[in-house]
Amino acid sequence: MSTIGQEIIAGLTEAVGYMDGTADRAQFCAHDLAPAHAPERVDVKAVRQRLGLSQARFAAAFGLSLHALRNWEQGKRQPEPAARAYLRVIEVAPDVVRRALCGA
């Protein structure tokens with residue numbers, strides 16, 4: 001059997017042992033993450049202006065629809081929860097978002 005096949009079997013055996021309680025649980029750590037919630041409102045225009053970008057450049061830089069961005073800023077529509085969460089991340093860490101989107 002190939003090395004990869006052996007690693008897959010070992011991993012599955014470990015997972016089964018964890019699930020049935022026979023594995024040493026001290027070797028594993030549990031991650032209890034509090035649920036995240038998107039902010040109720042985001043001042044999209046303020047976020048964009050803080051970065052010193054036009055609507056077109058902001059939309060292009062972060063992969064947003066220019067049409068949607070304009071509607072949000074004009075108050076015609078509100079961003080969906082996922083978009084509000086994304087806008088919050090842009091507000092807090094725009095450079096991290098740009099690096100992630102550019103593959104750097």
# chains A, B, ... in the order shown; residues from 1 in each chain; ligands from 1
>>> select_by_dssp(residues="chain A", states="alpha helix (DSSP H)", output="MDAnalysis selection string")
chainID A and resid 3:20 44:50 55:62 66:73 81:92 94:102
>>> residues_around(residues="Glu80 of chain A", least_positions_apart="5", cutoff="12 Å", atoms="only C-alpha atoms", output="short mmCIF file (atom, residue, chain, number, x, y, z; two decimals) with N, CA and C atoms, in the first residue's frame")
data_model
loop_
_atom_site.label_atom_id
_atom_site.label_comp_id
_atom_site.auth_asym_id
_atom_site.auth_seq_id
_atom_site.Cartn_x
_atom_site.Cartn_y
_atom_site.Cartn_z
N HIS A 37 -21.70 37.21 14.84
CA HIS A 37 -22.89 37.86 14.31
C HIS A 37 -22.46 39.06 13.48
N ALA A 38 -23.06 39.21 12.34
CA ALA A 38 -22.79 40.38 11.51
C ALA A 38 -23.38 41.61 12.20
N PRO A 39 -22.73 42.74 12.06
CA PRO A 39 -23.30 43.96 12.65
C PRO A 39 -24.66 44.26 12.00
N GLU A 40 -25.52 44.87 12.76
CA GLU A 40 -26.86 45.21 12.25
C GLU A 40 -26.78 46.21 11.10
N ARG A 41 -25.88 47.17 11.23
CA ARG A 41 -25.73 48.19 10.20
C ARG A 41 -24.24 48.45 9.97
N VAL A 42 -23.91 48.78 8.75
CA VAL A 42 -22.54 49.17 8.40
C VAL A 42 -22.64 50.46 7.59
N ALA A 68 -24.38 47.33 -6.41
CA ALA A 68 -24.79 47.05 -5.03
C ALA A 68 -24.20 48.08 -4.07
N LEU A 69 -22.93 48.42 -4.26
CA LEU A 69 -22.27 49.40 -3.40
C LEU A 69 -23.01 50.73 -3.44
N TRP A 72 -26.25 50.49 -1.52
CA TRP A 72 -26.02 50.50 -0.08
C TRP A 72 -25.74 51.92 0.41
N ALA A 85 -20.80 41.40 7.33
CA ALA A 85 -19.64 40.82 8.01
C ALA A 85 -18.38 41.09 7.19
N TYR A 86 -18.45 40.91 5.89
CA TYR A 86 -17.31 41.15 5.01
C TYR A 86 -16.89 42.62 5.07
N LEU A 87 -17.85 43.52 5.03
CA LEU A 87 -17.55 44.95 5.11
C LEU A 87 -16.89 45.30 6.44
#
>>> residues_around(residues="Ala61 of chain A", least_positions_apart="4", cutoff="9 Å", atoms="only C-alpha atoms", output="VMD selection string")
chain A and resid 56 to 57 98 101
>>> write_last_selection(atoms="N, CA and C atoms", output="PDB file, in the first residue's frame")
ATOM      1  N   ALA A  56     -15.958  53.111  -7.428  1.00  0.00           N
ATOM      2  CA  ALA A  56     -15.491  52.136  -8.430  1.00  0.00           C
ATOM      3  C   ALA A  56     -14.238  51.408  -7.947  1.00  0.00           C
ATOM      4  N   ARG A  57     -13.287  52.139  -7.378  1.00  0.00           N
ATOM      5  CA  ARG A  57     -12.044  51.506  -6.919  1.00  0.00           C
ATOM      6  C   ARG A  57     -12.295  50.613  -5.707  1.00  0.00           C
ATOM      7  N   ARG A  98      -7.090  42.341   1.219  1.00  0.00           N
ATOM      8  CA  ARG A  98      -6.443  42.489  -0.087  1.00  0.00           C
ATOM      9  C   ARG A  98      -5.417  41.382  -0.317  1.00  0.00           C
ATOM     10  N   LEU A 101      -7.288  38.167  -1.087  1.00  0.00           N
ATOM     11  CA  LEU A 101      -7.916  38.172  -2.410  1.00  0.00           C
ATOM     12  C   LEU A 101      -6.909  38.143  -3.548  1.00  0.00           C
TER      13      LEU A 101
END
>>> residues_around(residues="Ala93 of chain A", least_positions_apart="6", cutoff="12 Å", atoms="only C-alpha atoms", output="PyMOL selection string")
chain A and resi 47+51+62+86-87+99-100
>>> residues_around(residues="Asp24 of chain A", least_positions_apart="6", cutoff="12 Å", atoms="only C-alpha atoms", output="MDAnalysis selection string")
chainID A and resid 14:18
>>> atom_distance(atom1="atom CA of Leu53 of chain A", atom2="atom CA of Val96 of chain A")
16.7 Å
>>> residues_around(residues="Lys45 of chain A", least_positions_apart="5", cutoff="12 Å", atoms="only C-alpha atoms", output="list in words")
Arg50, Leu51, Gly52, Leu53, Ser54, Gln55, Phe58, Ala59, Leu69, Arg70, Asn71, Trp72, Glu73, Gln74, Gly75, Leu87 and Glu91 of chain A
>>> write_last_selection(atoms="N, CA and C atoms", output="compact mmCIF listing (two decimals), in the first residue's frame")
# COMPACT_ATOMS: atom_id res chain seq x y z
N ARG A 50 -12.89 56.23 4.46
CA ARG A 50 -11.75 56.08 5.36
C ARG A 50 -10.55 55.51 4.61
N LEU A 51 -10.82 54.68 3.62
CA LEU A 51 -9.75 54.10 2.81
C LEU A 51 -9.33 55.01 1.66
N GLY A 52 -10.08 56.10 1.47
CA GLY A 52 -9.73 57.06 0.43
C GLY A 52 -9.94 56.55 -0.98
N LEU A 53 -10.97 55.72 -1.17
CA LEU A 53 -11.22 55.13 -2.49
C LEU A 53 -12.55 55.62 -3.05
N SER A 54 -12.58 55.74 -4.37
CA SER A 54 -13.84 56.03 -5.04
C SER A 54 -14.72 54.78 -4.96
N GLN A 55 -15.98 54.95 -5.30
CA GLN A 55 -16.88 53.79 -5.30
C GLN A 55 -16.36 52.71 -6.25
N PHE A 58 -13.17 51.03 -4.79
CA PHE A 58 -13.49 50.23 -3.62
C PHE A 58 -14.15 48.92 -4.05
N ALA A 59 -15.13 49.02 -4.94
CA ALA A 59 -15.83 47.82 -5.42
C ALA A 59 -14.85 46.87 -6.10
N LEU A 69 -22.93 48.42 -4.26
CA LEU A 69 -22.27 49.40 -3.40
C LEU A 69 -23.01 50.73 -3.44
N ARG A 70 -23.37 51.16 -4.63
CA ARG A 70 -24.09 52.44 -4.76
C ARG A 70 -25.46 52.37 -4.06
N ASN A 71 -26.15 51.26 -4.23
CA ASN A 71 -27.45 51.10 -3.57
C ASN A 71 -27.31 51.13 -2.05
N TRP A 72 -26.25 50.49 -1.52
CA TRP A 72 -26.02 50.50 -0.08
C TRP A 72 -25.74 51.92 0.41
N GLU A 73 -24.88 52.62 -0.29
CA GLU A 73 -24.51 53.97 0.14
C GLU A 73 -25.67 54.94 0.04
N GLN A 74 -26.54 54.76 -0.93
CA GLN A 74 -27.69 55.65 -1.10
C GLN A 74 -28.87 55.26 -0.22
N GLY A 75 -28.72 54.16 0.52
CA GLY A 75 -29.78 53.72 1.42
C GLY A 75 -30.93 53.03 0.72
N LEU A 87 -17.85 43.52 5.03
CA LEU A 87 -17.55 44.95 5.11
C LEU A 87 -16.89 45.30 6.44
N GLU A 91 -13.29 46.94 7.00
CA GLU A 91 -13.11 48.12 7.85
C GLU A 91 -11.96 47.92 8.84
>>> atom_distance(atom1="atom CA of Leu66 of chain A", atom2="atom CA of Cys102 of chain A")
19.0 Å
>>> decode(residues="segment 57-104 of chain A", atoms="N, CA and C atoms", output="mmCIF file, in the first residue's frame")
data_model
loop_
_atom_site.group_PDB
_atom_site.id
_atom_site.type_symbol
_atom_site.label_atom_id
_atom_site.label_comp_id
_atom_site.auth_asym_id
_atom_site.auth_seq_id
_atom_site.Cartn_x
_atom_site.Cartn_y
_atom_site.Cartn_z
ATOM 1 N N ARG A 57 -13.287 52.139 -7.378
ATOM 2 C CA ARG A 57 -12.044 51.506 -6.919
ATOM 3 C C ARG A 57 -12.295 50.613 -5.707
ATOM 4 N N PHE A 58 -13.171 51.032 -4.790
ATOM 5 C CA PHE A 58 -13.490 50.227 -3.619
ATOM 6 C C PHE A 58 -14.145 48.919 -4.055
ATOM 7 N N ALA A 59 -15.130 49.025 -4.935
ATOM 8 C CA ALA A 59 -15.833 47.825 -5.415
ATOM 9 C C ALA A 59 -14.849 46.873 -6.097
ATOM 10 N N ALA A 60 -13.992 47.409 -6.954
ATOM 11 C CA ALA A 60 -13.027 46.574 -7.674
ATOM 12 C C ALA A 60 -12.002 45.960 -6.712
ATOM 13 N N ALA A 61 -11.540 46.739 -5.752
ATOM 14 C CA ALA A 61 -10.502 46.269 -4.831
ATOM 15 C C ALA A 61 -10.974 45.114 -3.969
ATOM 16 N N PHE A 62 -12.261 45.089 -3.640
ATOM 17 C CA PHE A 62 -12.766 44.085 -2.710
ATOM 18 C C PHE A 62 -13.779 43.125 -3.334
ATOM 19 N N GLY A 63 -13.877 43.136 -4.655
ATOM 20 C CA GLY A 63 -14.728 42.173 -5.341
ATOM 21 C C GLY A 63 -16.214 42.395 -5.129
ATOM 22 N N LEU A 64 -16.601 43.633 -4.994
ATOM 23 C CA LEU A 64 -18.012 43.959 -4.780
ATOM 24 C C LEU A 64 -18.633 44.489 -6.073
ATOM 25 N N SER A 65 -19.932 44.350 -6.166
ATOM 26 C CA SER A 65 -20.665 44.915 -7.285
ATOM 27 C C SER A 65 -20.776 46.426 -7.083
ATOM 28 N N LEU A 66 -20.373 47.192 -8.090
ATOM 29 C CA LEU A 66 -20.485 48.648 -8.013
ATOM 30 C C LEU A 66 -21.942 49.059 -7.848
ATOM 31 N N HIS A 67 -22.824 48.376 -8.544
ATOM 32 C CA HIS A 67 -24.261 48.666 -8.445
ATOM 33 C C HIS A 67 -24.752 48.453 -7.003
ATOM 34 N N ALA A 68 -24.379 47.330 -6.407
ATOM 35 C CA ALA A 68 -24.790 47.049 -5.028
ATOM 36 C C ALA A 68 -24.201 48.083 -4.067
ATOM 37 N N LEU A 69 -22.932 48.416 -4.260
ATOM 38 C CA LEU A 69 -22.274 49.403 -3.401
ATOM 39 C C LEU A 69 -23.010 50.732 -3.443
ATOM 40 N N ARG A 70 -23.368 51.163 -4.626
ATOM 41 C CA ARG A 70 -24.094 52.440 -4.760
ATOM 42 C C ARG A 70 -25.459 52.371 -4.064
ATOM 43 N N ASN A 71 -26.151 51.259 -4.233
ATOM 44 C CA ASN A 71 -27.449 51.104 -3.568
ATOM 45 C C ASN A 71 -27.305 51.128 -2.051
ATOM 46 N N TRP A 72 -26.251 50.489 -1.525
ATOM 47 C CA TRP A 72 -26.019 50.497 -0.078
ATOM 48 C C TRP A 72 -25.743 51.916 0.412
ATOM 49 N N GLU A 73 -24.878 52.617 -0.294
ATOM 50 C CA GLU A 73 -24.506 53.970 0.135
ATOM 51 C C GLU A 73 -25.674 54.944 0.040
ATOM 52 N N GLN A 74 -26.541 54.759 -0.932
ATOM 53 C CA GLN A 74 -27.689 55.649 -1.105
ATOM 54 C C GLN A 74 -28.869 55.258 -0.222
ATOM 55 N N GLY A 75 -28.716 54.164 0.525
ATOM 56 C CA GLY A 75 -29.776 53.720 1.417
ATOM 57 C C GLY A 75 -30.932 53.033 0.720
ATOM 58 N N LYS A 76 -30.762 52.700 -0.550
ATOM 59 C CA LYS A 76 -31.823 52.015 -1.283
ATOM 60 C C LYS A 76 -31.938 50.557 -0.861
ATOM 61 N N ARG A 77 -30.814 49.984 -0.442
ATOM 62 C CA ARG A 77 -30.784 48.588 0.008
ATOM 63 C C ARG A 77 -29.816 48.480 1.170
ATOM 64 N N GLN A 78 -29.997 47.426 1.952
ATOM 65 C CA GLN A 78 -29.065 47.117 3.031
ATOM 66 C C GLN A 78 -28.289 45.866 2.656
ATOM 67 N N PRO A 79 -27.002 45.822 2.974
ATOM 68 C CA PRO A 79 -26.236 44.606 2.689
ATOM 69 C C PRO A 79 -26.788 43.415 3.474
ATOM 70 N N GLU A 80 -26.736 42.252 2.876
ATOM 71 C CA GLU A 80 -27.124 41.018 3.559
ATOM 72 C C GLU A 80 -26.130 40.763 4.690
ATOM 73 N N PRO A 81 -26.474 39.890 5.654
ATOM 74 C CA PRO A 81 -25.568 39.642 6.786
ATOM 75 C C PRO A 81 -24.146 39.254 6.374
ATOM 76 N N ALA A 82 -23.976 38.412 5.383
ATOM 77 C CA ALA A 82 -22.621 38.021 4.972
ATOM 78 C C ALA A 82 -21.857 39.217 4.429
ATOM 79 N N ALA A 83 -22.524 40.072 3.668
ATOM 80 C CA ALA A 83 -21.875 41.268 3.130
ATOM 81 C C ALA A 83 -21.526 42.235 4.255
ATOM 82 N N ARG A 84 -22.410 42.359 5.258
ATOM 83 C CA ARG A 84 -22.109 43.229 6.407
ATOM 84 C C ARG A 84 -20.895 42.713 7.166
ATOM 85 N N ALA A 85 -20.796 41.405 7.329
ATOM 86 C CA ALA A 85 -19.641 40.824 8.011
ATOM 87 C C ALA A 85 -18.377 41.090 7.189
ATOM 88 N N TYR A 86 -18.453 40.906 5.887
ATOM 89 C CA TYR A 86 -17.307 41.150 5.008
ATOM 90 C C TYR A 86 -16.892 42.617 5.071
ATOM 91 N N LEU A 87 -17.851 43.519 5.034
ATOM 92 C CA LEU A 87 -17.548 44.945 5.111
ATOM 93 C C LEU A 87 -16.889 45.297 6.443
ATOM 94 N N ARG A 88 -17.300 44.634 7.504
ATOM 95 C CA ARG A 88 -16.682 44.863 8.815
ATOM 96 C C ARG A 88 -15.224 44.410 8.803
ATOM 97 N N VAL A 89 -14.946 43.287 8.181
ATOM 98 C CA VAL A 89 -13.563 42.811 8.080
ATOM 99 C C VAL A 89 -12.746 43.790 7.240
ATOM 100 N N ILE A 90 -13.325 44.295 6.165
ATOM 101 C CA ILE A 90 -12.642 45.298 5.343
ATOM 102 C C ILE A 90 -12.336 46.527 6.191
ATOM 103 N N GLU A 91 -13.293 46.936 7.003
ATOM 104 C CA GLU A 91 -13.114 48.115 7.854
ATOM 105 C C GLU A 91 -11.958 47.922 8.839
ATOM 106 N N VAL A 92 -11.867 46.748 9.430
ATOM 107 C CA VAL A 92 -10.870 46.476 10.465
ATOM 108 C C VAL A 92 -9.505 46.108 9.879
ATOM 109 N N ALA A 93 -9.500 45.347 8.797
ATOM 110 C CA ALA A 93 -8.238 44.831 8.262
ATOM 111 C C ALA A 93 -8.222 44.820 6.740
ATOM 112 N N PRO A 94 -8.280 45.981 6.110
ATOM 113 C CA PRO A 94 -8.335 46.007 4.644
ATOM 114 C C PRO A 94 -7.115 45.372 3.981
ATOM 115 N N ASP A 95 -5.940 45.536 4.578
ATOM 116 C CA ASP A 95 -4.730 44.961 3.977
ATOM 117 C C ASP A 95 -4.763 43.440 3.997
ATOM 118 N N VAL A 96 -5.310 42.868 5.065
ATOM 119 C CA VAL A 96 -5.420 41.410 5.160
ATOM 120 C C VAL A 96 -6.379 40.895 4.091
ATOM 121 N N VAL A 97 -7.480 41.587 3.903
ATOM 122 C CA VAL A 97 -8.447 41.185 2.882
ATOM 123 C C VAL A 97 -7.802 41.261 1.500
ATOM 124 N N ARG A 98 -7.090 42.341 1.219
ATOM 125 C CA ARG A 98 -6.443 42.489 -0.087
ATOM 126 C C ARG A 98 -5.417 41.382 -0.317
ATOM 127 N N ARG A 99 -4.610 41.060 0.707
ATOM 128 C CA ARG A 99 -3.632 39.980 0.551
ATOM 129 C C ARG A 99 -4.332 38.649 0.278
ATOM 130 N N ALA A 100 -5.421 38.397 0.989
ATOM 131 C CA ALA A 100 -6.153 37.144 0.791
ATOM 132 C C ALA A 100 -6.744 37.066 -0.608
ATOM 133 N N LEU A 101 -7.288 38.167 -1.087
ATOM 134 C CA LEU A 101 -7.916 38.172 -2.410
ATOM 135 C C LEU A 101 -6.909 38.143 -3.548
ATOM 136 N N CYS A 102 -5.734 38.677 -3.309
ATOM 137 C CA CYS A 102 -4.702 38.722 -4.359
ATOM 138 C C CYS A 102 -3.824 37.480 -4.345
ATOM 139 N N GLY A 103 -4.075 36.578 -3.399
ATOM 140 C CA GLY A 103 -3.311 35.331 -3.360
ATOM 141 C C GLY A 103 -1.924 35.477 -2.785
ATOM 142 N N ALA A 104 -1.675 36.558 -2.105
ATOM 143 C CA ALA A 104 -0.336 36.764 -1.516
ATOM 144 C C ALA A 104 -0.238 36.160 -0.140
#
